[in-house]
Amino acid sequence: MKNLKDLVKIRAEIRKKEPLIHAITNPIAINMVANSILFVGAKPICAEHPQEMEDITPKADALSINLGNINQSRMEAMDRASFFASKKGLPIIIDLVGIGASRLRLNVAKNLLDKYKFSLLKGNASEIIALAKGASSAKGVDVGKDDEDKSLEYVIKTCQDLSKKYQAAVLLTGKIDILVKDNKYYLIENGCPELSNITATGCMLTGLISAFIAVTDVINASLLAMLIMEIGAEMSDKDKPYSFFVDLMDKIGTISDEIIIDHAKIKEGEI
Ligand SMILES: Nc1ncnc2c1ncn2[C@@H]1O[C@H](COP(=O)(O)OP(=O)(O)O)[C@@H](O)[C@H]1O
Ligand SMILES: Cc1ncsc1CCOP(=O)(O)O
């Protein structure tokens, strides 16, 4: 079983080290992502001009790329940033936003995954299924009903196949989050349905993981980021959608270690 007391200690570590996180994300999410990274104690830089990747990426401590709202310039920037991050041996994570809805994004994702080594591939069930099987029931950037209803066994196996293929951890988010690496899996049953009523909460989670992965391994970084975000959401005022959003942002910076430890719902298993 994960030692939660050790897991939350990573929060002090990140505040001490203040790692620099290069996050190439989409314009819908950019402010939320940058603030989430800041609120847990790291420093974001969201540079995205292809010609400055050579200067920016190698000075960072981790790279995250997000395929949401892709355009030509960000496509080039993501490739170049992944190149310079790989050269430096930095952890790289990819959020597969919308690859179930767009062949362009699916091809960009496959190309990047073939060329570079990623620490984590992340998406909702439709995005993970699109990458593994080539098609999905995605509803734009959201999960489609057919994919959402797939059995736990099916989605765990799909994540495991991708984990083996790309030698990376795989995180499938939703009501139950599934984190898989090789033969091991974690189920995280925190969060609340209201998280789907705010745009870009998945992108925010990616931002948080990219902050923690600069100071710890991919499993600890992913688990801690999910607990902060999802228990933070459980503790937030859900009366009005925008107040919920503001409260959630505050909770990301202020939620206590004790609340995280008391409310964490993590199960572990072997495949
Ligand atoms: N029904 C739900 N119950 C609890 N948490 C949820 C639910 N749906 C989504 N979440 C949480 O919301 C966050 C974003 O997940 P998701 O909506 O799957 O991503 P995306 O925005 O990329 O589609 C994750 O932390 C996830 O655990
Ligand atoms: C609405 C939208 N359109 C392109 S990216 C984006 C935000 C998607 O964010 P998330 O995948 O976290 O829901």
# chains A, B, ... in the order shown; residues from 1 in each chain; ligands from 1
call {"tool": "select_by_dssp", "arguments": {"residues": "stretch 68-268 of chain A", "states": "helix (DSSP H, G or I)", "output": "PyMOL selection string"}}
result
chain A and resi 72-88+103-115+125-133+145-148+152-166+193-197+201-212+218-234+241-254+257-263
call {"tool": "select_by_dssp", "arguments": {"residues": "stretch 54-222 of chain A", "states": "strand (DSSP E or B)", "output": "PyMOL selection string"}}
result
chain A and resi 62-66+92-95+120-124+139+142+169-173+177-181+184-188
call {"tool": "write_last_selection", "arguments": {"atoms": "C-alpha atoms", "output": "PDB file, in the first residue's frame"}}
result
ATOM      1  CA  ALA A  62       9.936  18.807 -16.788  1.00  0.00           C
ATOM      2  CA  LEU A  63       7.920  19.189 -19.999  1.00  0.00           C
ATOM      3  CA  SER A  64       4.210  18.712 -20.509  1.00  0.00           C
ATOM      4  CA  ILE A  65       2.492  18.838 -23.875  1.00  0.00           C
ATOM      5  CA  ASN A  66      -1.238  18.986 -24.469  1.00  0.00           C
ATOM      6  CA  ILE A  92       7.856  14.410 -20.533  1.00  0.00           C
ATOM      7  CA  ILE A  93       4.120  13.893 -20.192  1.00  0.00           C
ATOM      8  CA  ILE A  94       1.497  14.057 -22.928  1.00  0.00           C
ATOM      9  CA  ASP A  95      -2.200  14.870 -22.536  1.00  0.00           C
ATOM     10  CA  LEU A 120       3.189   9.436 -18.875  1.00  0.00           C
ATOM     11  CA  LEU A 121       0.371   9.243 -21.450  1.00  0.00           C
ATOM     12  CA  LYS A 122      -2.894  10.683 -20.145  1.00  0.00           C
ATOM     13  CA  GLY A 123      -6.457  10.969 -21.423  1.00  0.00           C
ATOM     14  CA  ASN A 124     -10.082  10.193 -20.749  1.00  0.00           C
ATOM     15  CA  LYS A 139     -17.830  13.509 -27.912  1.00  0.00           C
ATOM     16  CA  ASP A 142     -15.145  14.660 -23.734  1.00  0.00           C
ATOM     17  CA  ALA A 169       2.828   4.985 -17.344  1.00  0.00           C
ATOM     18  CA  VAL A 170      -0.751   5.459 -18.588  1.00  0.00           C
ATOM     19  CA  LEU A 171      -3.453   7.462 -16.784  1.00  0.00           C
ATOM     20  CA  LEU A 172      -7.100   7.155 -17.790  1.00  0.00           C
ATOM     21  CA  THR A 173      -9.272   9.751 -15.988  1.00  0.00           C
ATOM     22  CA  ASP A 177      -9.079   7.108 -12.488  1.00  0.00           C
ATOM     23  CA  ILE A 178      -6.869   4.234 -13.597  1.00  0.00           C
ATOM     24  CA  LEU A 179      -3.094   4.559 -13.422  1.00  0.00           C
ATOM     25  CA  VAL A 180      -1.135   1.700 -14.956  1.00  0.00           C
ATOM     26  CA  LYS A 181       2.552   0.972 -15.262  1.00  0.00           C
ATOM     27  CA  LYS A 184       0.752  -2.713 -11.599  1.00  0.00           C
ATOM     28  CA  TYR A 185      -2.393  -0.587 -11.447  1.00  0.00           C
ATOM     29  CA  TYR A 186      -3.933   1.997  -9.100  1.00  0.00           C
ATOM     30  CA  LEU A 187      -7.605   2.964  -8.931  1.00  0.00           C
ATOM     31  CA  ILE A 188      -8.345   6.443  -7.566  1.00  0.00           C
TER      32      ILE A 188
END
call {"tool": "residues_around", "arguments": {"residues": "stretch 128-134 of chain A", "least_positions_apart": "3", "cutoff": "8 Å", "atoms": "only C-alpha atoms", "output": "list in words"}}
result
Leu96, Ile99, Gly100, Leu106, Lys110, Lys122, Gly123, Asn124, Ala125, Asp147, Thr158, Cys159, Asp161, Leu162 and Leu172 of chain A
call {"tool": "residues_near_ligand", "arguments": {"ligand": "ligand 2", "cutoff": "6 Å", "atoms": "only C-alpha atoms and all ligand atoms", "output": "JSON, numbers by chain"}}
result
{"A": [26, 28, 68, 69, 97, 141, 199, 200, 201, 202, 203]}
call {"tool": "closest_residue", "arguments": {"among": "A:Pro27, A:Gly191, A:Gly253, A:Pro50", "to": "ligand 1", "atoms": "only C-alpha atoms and all ligand atoms"}}
result
A:Gly191
call {"tool": "closest_residue", "arguments": {"among": "A:Ser119, A:Thr216, A:Ser136, A:Thr25", "to": "A:Asp6", "atoms": "only C-alpha atoms"}}
result
A:Thr216
call {"tool": "residues_around", "arguments": {"residues": "A:Leu20", "least_positions_apart": "2", "cutoff": "8 Å", "atoms": "only C-alpha atoms", "output": "PyMOL selection string"}}
result
chain A and resi 18+22+42-45+59-62+211
call {"tool": "write_last_selection", "arguments": {"atoms": "N, CA, C and O atoms", "output": "PDB file, in the first residue's frame"}}
result
ATOM      1  N   GLU A  18      11.243  24.629  -6.071  1.00  0.00           N
ATOM      2  CA  GLU A  18      10.615  25.508  -7.076  1.00  0.00           C
ATOM      3  C   GLU A  18      11.018  25.143  -8.516  1.00  0.00           C
ATOM      4  O   GLU A  18      11.605  25.966  -9.240  1.00  0.00           O
ATOM      5  N   HIS A  22       7.973  23.490 -18.119  1.00  0.00           N
ATOM      6  CA  HIS A  22       7.595  23.969 -19.456  1.00  0.00           C
ATOM      7  C   HIS A  22       6.298  23.266 -19.854  1.00  0.00           C
ATOM      8  O   HIS A  22       6.285  22.051 -20.064  1.00  0.00           O
ATOM      9  N   ALA A  42       5.628  25.252  -7.850  1.00  0.00           N
ATOM     10  CA  ALA A  42       6.572  25.223  -8.980  1.00  0.00           C
ATOM     11  C   ALA A  42       6.393  26.496  -9.810  1.00  0.00           C
ATOM     12  O   ALA A  42       5.556  27.343  -9.494  1.00  0.00           O
ATOM     13  N   LYS A  43       7.208  26.645 -10.865  1.00  0.00           N
ATOM     14  CA  LYS A  43       7.142  27.844 -11.728  1.00  0.00           C
ATOM     15  C   LYS A  43       6.798  27.414 -13.150  1.00  0.00           C
ATOM     16  O   LYS A  43       7.505  26.584 -13.724  1.00  0.00           O
ATOM     17  N   PRO A  44       5.728  27.966 -13.718  1.00  0.00           N
ATOM     18  CA  PRO A  44       5.377  27.583 -15.085  1.00  0.00           C
ATOM     19  C   PRO A  44       6.024  28.493 -16.123  1.00  0.00           C
ATOM     20  O   PRO A  44       6.211  29.687 -15.878  1.00  0.00           O
ATOM     21  N   ILE A  45       6.356  27.905 -17.280  1.00  0.00           N
ATOM     22  CA  ILE A  45       6.609  28.735 -18.460  1.00  0.00           C
ATOM     23  C   ILE A  45       5.846  28.068 -19.605  1.00  0.00           C
ATOM     24  O   ILE A  45       6.037  26.886 -19.879  1.00  0.00           O
ATOM     25  N   LYS A  59      16.209  24.333 -20.057  1.00  0.00           N
ATOM     26  CA  LYS A  59      16.367  24.973 -18.733  1.00  0.00           C
ATOM     27  C   LYS A  59      15.266  24.554 -17.769  1.00  0.00           C
ATOM     28  O   LYS A  59      15.303  24.874 -16.584  1.00  0.00           O
ATOM     29  N   ALA A  60      14.263  23.834 -18.289  1.00  0.00           N
ATOM     30  CA  ALA A  60      13.155  23.404 -17.426  1.00  0.00           C
ATOM     31  C   ALA A  60      13.508  22.090 -16.729  1.00  0.00           C
ATOM     32  O   ALA A  60      14.485  21.424 -17.078  1.00  0.00           O
ATOM     33  N   ASP A  61      12.675  21.740 -15.742  1.00  0.00           N
ATOM     34  CA  ASP A  61      12.876  20.483 -15.001  1.00  0.00           C
ATOM     35  C   ASP A  61      11.892  19.404 -15.452  1.00  0.00           C
ATOM     36  O   ASP A  61      12.014  18.245 -15.049  1.00  0.00           O
ATOM     37  N   ALA A  62      10.885  19.781 -16.229  1.00  0.00           N
ATOM     38  CA  ALA A  62       9.936  18.807 -16.788  1.00  0.00           C
ATOM     39  C   ALA A  62       9.202  19.496 -17.936  1.00  0.00           C
ATOM     40  O   ALA A  62       9.120  20.727 -18.000  1.00  0.00           O
ATOM     41  N   ALA A 211       4.215  19.355 -12.664  1.00  0.00           N
ATOM     42  CA  ALA A 211       4.961  20.027 -11.583  1.00  0.00           C
ATOM     43  C   ALA A 211       5.614  18.977 -10.678  1.00  0.00           C
ATOM     44  O   ALA A 211       6.817  19.022 -10.417  1.00  0.00           O
TER      45      ALA A 211
END
call {"tool": "closest_residue", "arguments": {"among": "A:Tyr166, A:Ala101, A:Ser126, A:Ile266", "to": "A:Gly140", "atoms": "only C-alpha atoms"}}
result
A:Ala101
